[in-house]
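Reading through the structure tokens given below for one structure.
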Amino acid sequence: MTAVLCWLLFCTTSVLAETEFDRQCHRLLPLADDFAKKCLKDAVPFSRMFYPSGGPSGEPEAFRVLFSDAYSDSHFILGCHIGARGNLTYVGLYYKTSTDPLPAFQSDQIGFVDFDANAGIGVNGRKQILIAVRQFVTDFIPQRYEARVRNCEDGDLEGVQPSADSTTLVRNPDNDKEWVYRFRPDAKAEVKPYDVFFGPGDGPRIWQVTGDVVIDANGALLIPSDWRQTACTKWQDVFGEEGIVQETCNLKPN
């Protein structure tokens, strides 16, 4: 009886400790191959002309993207990215700021798709940026990044195996409004205020967006306060990876 109670206690503790990212990863990985096949047929096309350094000569970009409606009431959903040659270039988990299921969209509602598999759509007057945060790799789905972790492995905010050299972001124990960002253990710490949204921000760090913006495993978005202030008061409406910050402009930090 004691052994049974101990096993139940262990299981309960494990369930409570599971993050939203972990839960979604284990739910969605078994569905990835079927979704990838659907993606090859049904992904929504997006194209634009890219002008390097603002020069007059443009280069065409052509991608296709699709997002699954499986377990879609989460910050983490299954999605895919297809390159110009019609090949799978990324299948895996995407982060979005909302836990509402992603609405259906058409080509003219896609604001951007980039070479890193990030995407943005505008539907019903709302911009939603989707950040590719974890690659899935199977016998059918090719690996995109050799150096990065895959599937449901543990990863740090740079997408590689956690180590003593991992970049870290922790709350300042002397001031809970400040956070300590350290690129490497021997680098000088940057202590600065962060605005935190969509959760307390105490989950494991799983991804870093441009501008030292960090996503945690429970779906929180941690943004340097000065970066957010600039994005919300001085930028035009941005359809790009950094545009995810603007989704918080009308919200109050936690």
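Residues are referred to by chain and number: the chain letter is A, B, ... according to the order shown in the structure tokens, the number counts from 1 in that chain, and ligands are numbered separately from 1 in the order shown.
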
Requested in this report: Mind checking which residues fall within 10 Å of A:Asp226, counting only C-alpha atoms, ignoring those fewer than 5 positions away in the same chain, and posting them as a PyMOL selection string?
Outcome: chain A and resi 192-195+231-232

Requested in this report: Would you kindly return, as a PyMOL selection string, each protein, DNA or RNA residue with an atom no farther than 8 Å from any atom of stretch 167-181 of chain A, considering only C-alpha atoms and excluding same-chain residues fewer than 6 positions away?
Outcome: chain A and resi 156-158+189-194+205

Pull C-alpha atoms from the residues just selected and write them as a PDB file, in the first residue's frame.
```
ATOM      1  CA  ASP A 156      17.787  26.148 -23.617  1.00  0.00           C
ATOM      2  CA  LEU A 157      16.622  29.495 -24.978  1.00  0.00           C
ATOM      3  CA  GLU A 158      18.987  29.190 -27.957  1.00  0.00           C
ATOM      4  CA  ALA A 189      25.419  40.522 -16.526  1.00  0.00           C
ATOM      5  CA  GLU A 190      22.800  42.921 -17.861  1.00  0.00           C
ATOM      6  CA  VAL A 191      20.362  43.918 -15.142  1.00  0.00           C
ATOM      7  CA  LYS A 192      17.253  45.579 -16.532  1.00  0.00           C
ATOM      8  CA  PRO A 193      13.494  45.731 -16.104  1.00  0.00           C
ATOM      9  CA  TYR A 194      11.371  43.297 -18.085  1.00  0.00           C
ATOM     10  CA  ARG A 205      13.330  29.375 -20.902  1.00  0.00           C
TER      11      ARG A 205
END
```

Query raised in the report: Excluding same-chain residues fewer than 2 positions from A:Leu28, what lies within 9 Å of it counting only C-alpha atoms, as a ChimeraX atom specification?
Result: /A:23-26,30-32,70-71,77-78,92-93

Requested in this report: Name all residues at most 9 Å from A:Asp165 (count only C-alpha atoms; drop same-chain ones fewer than 5 positions away) and give them as a ChimeraX atom specification.
Outcome: /A:183-186

Query - Contacts of stretch 37-49 of chain A within 8 Å, only C-alpha atoms, excl. fewer than 5 positions in-chain, as a list in words - result: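 The residues that qualify are Gly58, Glu59, Pro60, Glu61, Ala62, Phe63, Arg64, Val65, Leu66, Cys80, Ile82, Gly86, Asn87, Leu88, Gln106, Ser107, Asp108, Ile110, Phe112 and Val113 of chain A.
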
**Report entry** Nearby residues (only C-alpha atoms) at most 12 Å from A:Trp227, same-chain spacing under 6 positions excluded, as a list in words
**Finding:**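 Selected residues are Lys192, Pro193, Tyr194, Asp195, Thr210, Gly211, Asp212, Val213, Thr233, Lys234, Trp235, Glu242, Gly243, Ile244, Val245, Gln246, Thr248 and Cys249 of chain A.
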
Requested in this report: Check stretch 50-173 of chain A with DSSP on the backbone and list each residue it calls strand (DSSP E), as a PyMOL selection string.
Outcome: chain A and resi 50+59-67+76-82+88-95+110-113+119-123+126-135+168-171

Name the residues in contact with A:Asp100 at a cut-off of 10 Å, using only C-alpha atoms, excluding same-chain residues fewer than 3 positions from it; report them as a short mmCIF file (atom, residue, chain, number, x, y, z; two decimals) with C-alpha atoms, in the first residue's frame.
```cif
data_model
loop_
_atom_site.label_atom_id
_atom_site.label_comp_id
_atom_site.auth_asym_id
_atom_site.auth_seq_id
_atom_site.Cartn_x
_atom_site.Cartn_y
_atom_site.Cartn_z
CA SER A 72 -4.85 24.39 -30.73
CA ASP A 73 -6.15 26.10 -27.56
CA SER A 74 -2.58 26.62 -26.39
CA HIS A 75 0.39 28.94 -26.76
CA LYS A 96 1.68 32.35 -30.28
CA THR A 97 0.68 34.86 -27.62
CA PRO A 103 -8.37 31.24 -37.26
#
```

Out of stretch 19-206 of chain A, which residues get helix (DSSP H, G or I) from DSSP, as a PDB file with all heavy atoms, in the first residue's frame?
```pdb
ATOM      1  N   GLU A  20       3.418  23.573 -20.150  1.00  0.00           N
ATOM      2  CA  GLU A  20       2.538  23.569 -21.312  1.00  0.00           C
ATOM      3  C   GLU A  20       3.295  23.113 -22.554  1.00  0.00           C
ATOM      4  O   GLU A  20       2.758  22.374 -23.385  1.00  0.00           O
ATOM      5  CB  GLU A  20       1.958  24.970 -21.536  1.00  0.00           C
ATOM      6  CG  GLU A  20       0.998  25.033 -22.705  1.00  0.00           C
ATOM      7  CD  GLU A  20       0.478  26.436 -22.977  1.00  0.00           C
ATOM      8  OE1 GLU A  20       0.769  27.354 -22.184  1.00  0.00           O
ATOM      9  OE2 GLU A  20      -0.199  26.611 -24.006  1.00  0.00           O
ATOM     10  N   PHE A  21       4.526  23.536 -22.693  1.00  0.00           N
ATOM     11  CA  PHE A  21       5.341  23.120 -23.823  1.00  0.00           C
ATOM     12  C   PHE A  21       5.507  21.604 -23.849  1.00  0.00           C
ATOM     13  O   PHE A  21       5.324  20.962 -24.898  1.00  0.00           O
ATOM     14  CB  PHE A  21       6.709  23.799 -23.758  1.00  0.00           C
ATOM     15  CG  PHE A  21       7.648  23.391 -24.859  1.00  0.00           C
ATOM     16  CD1 PHE A  21       7.643  24.062 -26.071  1.00  0.00           C
ATOM     17  CD2 PHE A  21       8.526  22.334 -24.691  1.00  0.00           C
ATOM     18  CE1 PHE A  21       8.494  23.690 -27.096  1.00  0.00           C
ATOM     19  CE2 PHE A  21       9.380  21.950 -25.707  1.00  0.00           C
ATOM     20  CZ  PHE A  21       9.367  22.633 -26.909  1.00  0.00           C
ATOM     21  N   ASP A  22       5.852  21.012 -22.715  1.00  0.00           N
ATOM     22  CA  ASP A  22       6.023  19.559 -22.645  1.00  0.00           C
ATOM     23  C   ASP A  22       4.734  18.840 -23.021  1.00  0.00           C
ATOM     24  O   ASP A  22       4.743  17.873 -23.787  1.00  0.00           O
ATOM     25  CB  ASP A  22       6.437  19.131 -21.231  1.00  0.00           C
ATOM     26  CG  ASP A  22       7.828  19.592 -20.847  1.00  0.00           C
ATOM     27  OD1 ASP A  22       8.663  19.761 -21.755  1.00  0.00           O
ATOM     28  OD2 ASP A  22       8.066  19.801 -19.647  1.00  0.00           O
ATOM     29  N   ARG A  23       3.642  19.289 -22.442  1.00  0.00           N
ATOM     30  CA  ARG A  23       2.353  18.640 -22.690  1.00  0.00           C
ATOM     31  C   ARG A  23       1.985  18.693 -24.171  1.00  0.00           C
ATOM     32  O   ARG A  23       1.605  17.685 -24.768  1.00  0.00           O
ATOM     33  CB  ARG A  23       1.272  19.323 -21.850  1.00  0.00           C
ATOM     34  CG  ARG A  23      -0.115  18.703 -21.988  1.00  0.00           C
ATOM     35  CD  ARG A  23      -1.061  19.273 -20.953  1.00  0.00           C
ATOM     36  NE  ARG A  23      -1.197  20.716 -21.036  1.00  0.00           N
ATOM     37  CZ  ARG A  23      -0.674  21.572 -20.176  1.00  0.00           C
ATOM     38  NH1 ARG A  23       0.051  21.136 -19.154  1.00  0.00           N
ATOM     39  NH2 ARG A  23      -0.853  22.874 -20.310  1.00  0.00           N
ATOM     40  N   GLN A  24       2.136  19.860 -24.773  1.00  0.00           N
ATOM     41  CA  GLN A  24       1.804  19.997 -26.187  1.00  0.00           C
ATOM     42  C   GLN A  24       2.759  19.194 -27.072  1.00  0.00           C
ATOM     43  O   GLN A  24       2.336  18.589 -28.067  1.00  0.00           O
ATOM     44  CB  GLN A  24       1.840  21.468 -26.595  1.00  0.00           C
ATOM     45  CG  GLN A  24       0.671  22.287 -26.079  1.00  0.00           C
ATOM     46  CD  GLN A  24      -0.650  21.845 -26.696  1.00  0.00           C
ATOM     47  OE1 GLN A  24      -1.393  21.064 -26.109  1.00  0.00           O
ATOM     48  NE2 GLN A  24      -0.933  22.344 -27.889  1.00  0.00           N
ATOM     49  N   CYS A  25       4.020  19.172 -26.721  1.00  0.00           N
ATOM     50  CA  CYS A  25       4.996  18.441 -27.511  1.00  0.00           C
ATOM     51  C   CYS A  25       4.657  16.958 -27.557  1.00  0.00           C
ATOM     52  O   CYS A  25       4.649  16.339 -28.628  1.00  0.00           O
ATOM     53  CB  CYS A  25       6.397  18.651 -26.933  1.00  0.00           C
ATOM     54  SG  CYS A  25       7.711  18.019 -28.016  1.00  0.00           S
ATOM     55  N   HIS A  26       4.349  16.378 -26.414  1.00  0.00           N
ATOM     56  CA  HIS A  26       4.043  14.952 -26.375  1.00  0.00           C
ATOM     57  C   HIS A  26       2.691  14.628 -27.011  1.00  0.00           C
ATOM     58  O   HIS A  26       2.502  13.524 -27.525  1.00  0.00           O
ATOM     59  CB  HIS A  26       4.105  14.450 -24.935  1.00  0.00           C
ATOM     60  CG  HIS A  26       5.494  14.373 -24.392  1.00  0.00           C
ATOM     61  ND1 HIS A  26       6.027  15.314 -23.534  1.00  0.00           N
ATOM     62  CD2 HIS A  26       6.489  13.474 -24.629  1.00  0.00           C
ATOM     63  CE1 HIS A  26       7.277  14.992 -23.240  1.00  0.00           C
ATOM     64  NE2 HIS A  26       7.584  13.883 -23.888  1.00  0.00           N
ATOM     65  N   ARG A  27       1.778  15.570 -27.015  1.00  0.00           N
ATOM     66  CA  ARG A  27       0.508  15.372 -27.714  1.00  0.00           C
ATOM     67  C   ARG A  27       0.681  15.430 -29.227  1.00  0.00           C
ATOM     68  O   ARG A  27       0.079  14.654 -29.977  1.00  0.00           O
ATOM     69  CB  ARG A  27      -0.480  16.474 -27.323  1.00  0.00           C
ATOM     70  CG  ARG A  27      -1.173  16.334 -25.989  1.00  0.00           C
ATOM     71  CD  ARG A  27      -1.965  17.597 -25.741  1.00  0.00           C
ATOM     72  NE  ARG A  27      -2.963  17.463 -24.701  1.00  0.00           N
ATOM     73  CZ  ARG A  27      -3.764  18.439 -24.306  1.00  0.00           C
ATOM     74  NH1 ARG A  27      -3.674  19.643 -24.870  1.00  0.00           N
ATOM     75  NH2 ARG A  27      -4.660  18.246 -23.358  1.00  0.00           N
ATOM     76  N   LEU A  28       1.479  16.392 -29.688  1.00  0.00           N
ATOM     77  CA  LEU A  28       1.518  16.718 -31.110  1.00  0.00           C
ATOM     78  C   LEU A  28       2.571  15.949 -31.903  1.00  0.00           C
ATOM     79  O   LEU A  28       2.408  15.751 -33.114  1.00  0.00           O
ATOM     80  CB  LEU A  28       1.739  18.220 -31.282  1.00  0.00           C
ATOM     81  CG  LEU A  28       0.568  19.084 -30.788  1.00  0.00           C
ATOM     82  CD1 LEU A  28       0.955  20.561 -30.765  1.00  0.00           C
ATOM     83  CD2 LEU A  28      -0.667  18.871 -31.657  1.00  0.00           C
ATOM     84  N   LEU A  29       3.630  15.504 -31.256  1.00  0.00           N
ATOM     85  CA  LEU A  29       4.661  14.762 -31.984  1.00  0.00           C
ATOM     86  C   LEU A  29       4.112  13.530 -32.696  1.00  0.00           C
ATOM     87  O   LEU A  29       4.456  13.287 -33.860  1.00  0.00           O
ATOM     88  CB  LEU A  29       5.810  14.396 -31.036  1.00  0.00           C
ATOM     89  CG  LEU A  29       6.977  13.622 -31.658  1.00  0.00           C
ATOM     90  CD1 LEU A  29       7.591  14.389 -32.828  1.00  0.00           C
ATOM     91  CD2 LEU A  29       8.034  13.317 -30.596  1.00  0.00           C
ATOM     92  N   PRO A  30       3.230  12.730 -32.051  1.00  0.00           N
ATOM     93  CA  PRO A  30       2.697  11.561 -32.765  1.00  0.00           C
ATOM     94  C   PRO A  30       1.838  11.924 -33.979  1.00  0.00           C
ATOM     95  O   PRO A  30       1.594  11.064 -34.837  1.00  0.00           O
ATOM     96  CB  PRO A  30       1.842  10.854 -31.694  1.00  0.00           C
ATOM     97  CG  PRO A  30       2.378  11.331 -30.390  1.00  0.00           C
ATOM     98  CD  PRO A  30       2.792  12.748 -30.635  1.00  0.00           C
ATOM     99  N   LEU A  31       1.372  13.159 -34.064  1.00  0.00           N
ATOM    100  CA  LEU A  31       0.537  13.596 -35.185  1.00  0.00           C
ATOM    101  C   LEU A  31       1.346  14.237 -36.299  1.00  0.00           C
ATOM    102  O   LEU A  31       0.803  14.593 -37.353  1.00  0.00           O
ATOM    103  CB  LEU A  31      -0.503  14.610 -34.691  1.00  0.00           C
ATOM    104  CG  LEU A  31      -1.345  14.221 -33.470  1.00  0.00           C
ATOM    105  CD1 LEU A  31      -2.313  15.356 -33.137  1.00  0.00           C
ATOM    106  CD2 LEU A  31      -2.080  12.929 -33.698  1.00  0.00           C
ATOM    107  N   ALA A  32       2.643  14.394 -36.089  1.00  0.00           N
ATOM    108  CA  ALA A  32       3.447  15.227 -36.973  1.00  0.00           C
ATOM    109  C   ALA A  32       3.561  14.675 -38.388  1.00  0.00           C
ATOM    110  O   ALA A  32       3.495  15.438 -39.366  1.00  0.00           O
ATOM    111  CB  ALA A  32       4.841  15.428 -36.367  1.00  0.00           C
ATOM    112  N   ASP A  33       3.736  13.378 -38.559  1.00  0.00           N
ATOM    113  CA  ASP A  33       3.910  12.828 -39.910  1.00  0.00           C
ATOM    114  C   ASP A  33       2.657  13.034 -40.757  1.00  0.00           C
ATOM    115  O   ASP A  33       2.750  13.461 -41.921  1.00  0.00           O
ATOM    116  CB  ASP A  33       4.250  11.342 -39.836  1.00  0.00           C
ATOM    117  CG  ASP A  33       5.711  11.088 -39.499  1.00  0.00           C
ATOM    118  OD1 ASP A  33       6.484  12.064 -39.399  1.00  0.00           O
ATOM    119  OD2 ASP A  33       6.084   9.913 -39.319  1.00  0.00           O
ATOM    120  N   ASP A  34       1.496  12.730 -40.186  1.00  0.00           N
ATOM    121  CA  ASP A  34       0.252  12.918 -40.940  1.00  0.00           C
ATOM    122  C   ASP A  34       0.043  14.391 -41.267  1.00  0.00           C
ATOM    123  O   ASP A  34      -0.407  14.738 -42.371  1.00  0.00           O
ATOM    124  CB  ASP A  34      -0.942  12.368 -40.160  1.00  0.00           C
ATOM    125  CG  ASP A  34      -0.998  10.847 -40.173  1.00  0.00           C
ATOM    126  OD1 ASP A  34      -0.319  10.236 -41.027  1.00  0.00           O
ATOM    127  OD2 ASP A  34      -1.707  10.274 -39.325  1.00  0.00           O
ATOM    128  N   PHE A  35       0.363  15.250 -40.323  1.00  0.00           N
ATOM    129  CA  PHE A  35       0.206  16.680 -40.582  1.00  0.00           C
ATOM    130  C   PHE A  35       1.178  17.144 -41.665  1.00  0.00           C
ATOM    131  O   PHE A  35       0.818  17.954 -42.530  1.00  0.00           O
ATOM    132  CB  PHE A  35       0.435  17.484 -39.302  1.00  0.00           C
ATOM    133  CG  PHE A  35       0.444  18.963 -39.527  1.00  0.00           C
ATOM    134  CD1 PHE A  35      -0.723  19.643 -39.833  1.00  0.00           C
ATOM    135  CD2 PHE A  35       1.632  19.681 -39.474  1.00  0.00           C
ATOM    136  CE1 PHE A  35      -0.712  21.015 -40.068  1.00  0.00           C
ATOM    137  CE2 PHE A  35       1.648  21.045 -39.703  1.00  0.00           C
ATOM    138  CZ  PHE A  35       0.477  21.710 -40.005  1.00  0.00           C
ATOM    139  N   ALA A  36       2.393  16.636 -41.644  1.00  0.00           N
ATOM    140  CA  ALA A  36       3.382  17.024 -42.652  1.00  0.00           C
ATOM    141  C   ALA A  36       2.900  16.646 -44.053  1.00  0.00           C
ATOM    142  O   ALA A  36       3.096  17.402 -45.018  1.00  0.00           O
ATOM    143  CB  ALA A  36       4.721  16.367 -42.351  1.00  0.00           C
ATOM    144  N   LYS A  37       2.286  15.493 -44.187  1.00  0.00           N
ATOM    145  CA  LYS A  37       1.752  15.075 -45.484  1.00  0.00           C
ATOM    146  C   LYS A  37       0.614  15.990 -45.924  1.00  0.00           C
ATOM    147  O   LYS A  37       0.519  16.350 -47.105  1.00  0.00           O
ATOM    148  CB  LYS A  37       1.292  13.627 -45.404  1.00  0.00           C
ATOM    149  CG  LYS A  37       2.436  12.647 -45.178  1.00  0.00           C
ATOM    150  CD  LYS A  37       1.948  11.245 -44.860  1.00  0.00           C
ATOM    151  CE  LYS A  37       3.125  10.330 -44.495  1.00  0.00           C
ATOM    152  NZ  LYS A  37       2.675   8.983 -44.078  1.00  0.00           N
ATOM    153  N   LYS A  38      -0.212  16.383 -44.973  1.00  0.00           N
ATOM    154  CA  LYS A  38      -1.282  17.336 -45.281  1.00  0.00           C
ATOM    155  C   LYS A  38      -0.695  18.682 -45.683  1.00  0.00           C
ATOM    156  O   LYS A  38      -1.174  19.352 -46.608  1.00  0.00           O
ATOM    157  CB  LYS A  38      -2.202  17.501 -44.062  1.00  0.00           C
ATOM    158  CG  LYS A  38      -3.306  18.543 -44.236  1.00  0.00           C
ATOM    159  CD  LYS A  38      -4.174  18.623 -42.986  1.00  0.00           C
ATOM    160  CE  LYS A  38      -5.196  19.743 -43.080  1.00  0.00           C
ATOM    161  NZ  LYS A  38      -6.128  19.568 -44.210  1.00  0.00           N
ATOM    162  N   CYS A  39       0.353  19.060 -45.006  1.00  0.00           N
ATOM    163  CA  CYS A  39       1.001  20.337 -45.284  1.00  0.00           C
ATOM    164  C   CYS A  39       1.527  20.396 -46.719  1.00  0.00           C
ATOM    165  O   CYS A  39       1.377  21.406 -47.401  1.00  0.00           O
ATOM    166  CB  CYS A  39       2.144  20.538 -44.297  1.00  0.00           C
ATOM    167  SG  CYS A  39       2.952  22.129 -44.419  1.00  0.00           S
ATOM    168  N   LEU A  40       2.103  19.312 -47.177  1.00  0.00           N
ATOM    169  CA  LEU A  40       2.629  19.276 -48.539  1.00  0.00           C
ATOM    170  C   LEU A  40       1.538  19.511 -49.577  1.00  0.00           C
ATOM    171  O   LEU A  40       1.799  20.053 -50.655  1.00  0.00           O
ATOM    172  CB  LEU A  40       3.320  17.931 -48.799  1.00  0.00           C
ATOM    173  CG  LEU A  40       4.675  17.740 -48.099  1.00  0.00           C
ATOM    174  CD1 LEU A  40       5.118  16.293 -48.185  1.00  0.00           C
ATOM    175  CD2 LEU A  40       5.723  18.666 -48.709  1.00  0.00           C
ATOM    176  N   LYS A  41       0.325  19.143 -49.224  1.00  0.00           N
ATOM    177  CA  LYS A  41      -0.790  19.316 -50.166  1.00  0.00           C
ATOM    178  C   LYS A  41      -1.528  20.638 -49.963  1.00  0.00           C
ATOM    179  O   LYS A  41      -1.928  21.285 -50.935  1.00  0.00           O
ATOM    180  CB  LYS A  41      -1.789  18.163 -50.008  1.00  0.00           C
ATOM    181  CG  LYS A  41      -1.252  16.793 -50.383  1.00  0.00           C
ATOM    182  CD  LYS A  41      -2.356  15.749 -50.352  1.00  0.00           C
ATOM    183  CE  LYS A  41      -3.001  15.661 -48.968  1.00  0.00           C
ATOM    184  NZ  LYS A  41      -4.079  14.643 -48.916  1.00  0.00           N
ATOM    185  N   ASP A  42      -1.724  21.037 -48.711  1.00  0.00           N
ATOM    186  CA  ASP A  42      -2.695  22.095 -48.408  1.00  0.00           C
ATOM    187  C   ASP A  42      -2.112  23.380 -47.857  1.00  0.00           C
ATOM    188  O   ASP A  42      -2.865  24.323 -47.552  1.00  0.00           O
ATOM    189  CB  ASP A  42      -3.727  21.568 -47.397  1.00  0.00           C
ATOM    190  CG  ASP A  42      -4.500  20.374 -47.918  1.00  0.00           C
ATOM    191  OD1 ASP A  42      -4.576  20.213 -49.150  1.00  0.00           O
ATOM    192  OD2 ASP A  42      -5.028  19.590 -47.091  1.00  0.00           O
ATOM    193  N   PRO A  52      17.396  43.334 -50.710  1.00  0.00           N
ATOM    194  CA  PRO A  52      18.530  43.383 -49.768  1.00  0.00           C
ATOM    195  C   PRO A  52      19.067  44.802 -49.602  1.00  0.00           C
ATOM    196  O   PRO A  52      19.316  45.496 -50.588  1.00  0.00           O
ATOM    197  CB  PRO A  52      19.578  42.476 -50.438  1.00  0.00           C
ATOM    198  CG  PRO A  52      18.805  41.628 -51.391  1.00  0.00           C
ATOM    199  CD  PRO A  52      17.654  42.476 -51.859  1.00  0.00           C
ATOM    200  N   SER A  53      19.218  45.213 -48.350  1.00  0.00           N
ATOM    201  CA  SER A  53      19.780  46.530 -48.015  1.00  0.00           C
ATOM    202  C   SER A  53      19.050  47.672 -48.709  1.00  0.00           C
ATOM    203  O   SER A  53      19.629  48.729 -48.956  1.00  0.00           O
ATOM    204  CB  SER A  53      21.276  46.573 -48.377  1.00  0.00           C
ATOM    205  OG  SER A  53      21.980  45.554 -47.702  1.00  0.00           O
ATOM    206  N   GLY A  54      17.794  47.468 -49.048  1.00  0.00           N
ATOM    207  CA  GLY A  54      17.016  48.527 -49.669  1.00  0.00           C
ATOM    208  C   GLY A  54      17.392  48.808 -51.107  1.00  0.00           C
ATOM    209  O   GLY A  54      17.003  49.828 -51.673  1.00  0.00           O
ATOM    210  N   SER A 107      -4.012  33.427 -48.402  1.00  0.00           N
ATOM    211  CA  SER A 107      -2.711  34.007 -48.783  1.00  0.00           C
ATOM    212  C   SER A 107      -2.636  35.502 -48.518  1.00  0.00           C
ATOM    213  O   SER A 107      -1.619  36.010 -48.029  1.00  0.00           O
ATOM    214  CB  SER A 107      -2.432  33.735 -50.260  1.00  0.00           C
ATOM    215  OG  SER A 107      -2.247  32.359 -50.489  1.00  0.00           O
ATOM    216  N   ASP A 108      -3.718  36.221 -48.841  1.00  0.00           N
ATOM    217  CA  ASP A 108      -3.666  37.675 -48.704  1.00  0.00           C
ATOM    218  C   ASP A 108      -3.730  38.134 -47.251  1.00  0.00           C
ATOM    219  O   ASP A 108      -3.619  39.327 -46.969  1.00  0.00           O
ATOM    220  CB  ASP A 108      -4.767  38.338 -49.531  1.00  0.00           C
ATOM    221  CG  ASP A 108      -6.170  37.932 -49.113  1.00  0.00           C
ATOM    222  OD1 ASP A 108      -6.313  37.087 -48.185  1.00  0.00           O
ATOM    223  OD2 ASP A 108      -7.142  38.449 -49.701  1.00  0.00           O
ATOM    224  N   GLN A 109      -3.900  37.202 -46.313  1.00  0.00           N
ATOM    225  CA  GLN A 109      -3.895  37.543 -44.895  1.00  0.00           C
ATOM    226  C   GLN A 109      -2.570  37.211 -44.226  1.00  0.00           C
ATOM    227  O   GLN A 109      -2.410  37.423 -43.028  1.00  0.00           O
ATOM    228  CB  GLN A 109      -5.052  36.811 -44.195  1.00  0.00           C
ATOM    229  CG  GLN A 109      -6.419  37.280 -44.654  1.00  0.00           C
ATOM    230  CD  GLN A 109      -7.531  36.393 -44.141  1.00  0.00           C
ATOM    231  OE1 GLN A 109      -7.495  35.166 -44.277  1.00  0.00           O
ATOM    232  NE2 GLN A 109      -8.546  37.005 -43.538  1.00  0.00           N
TER     233      GLN A 109
END
```

**Report entry** Counting only C-alpha atoms, the option among A:Ile131, A:Ile121, A:Leu102, A:Cys152 closest to A:Gln208
**Finding:** A:Ile131
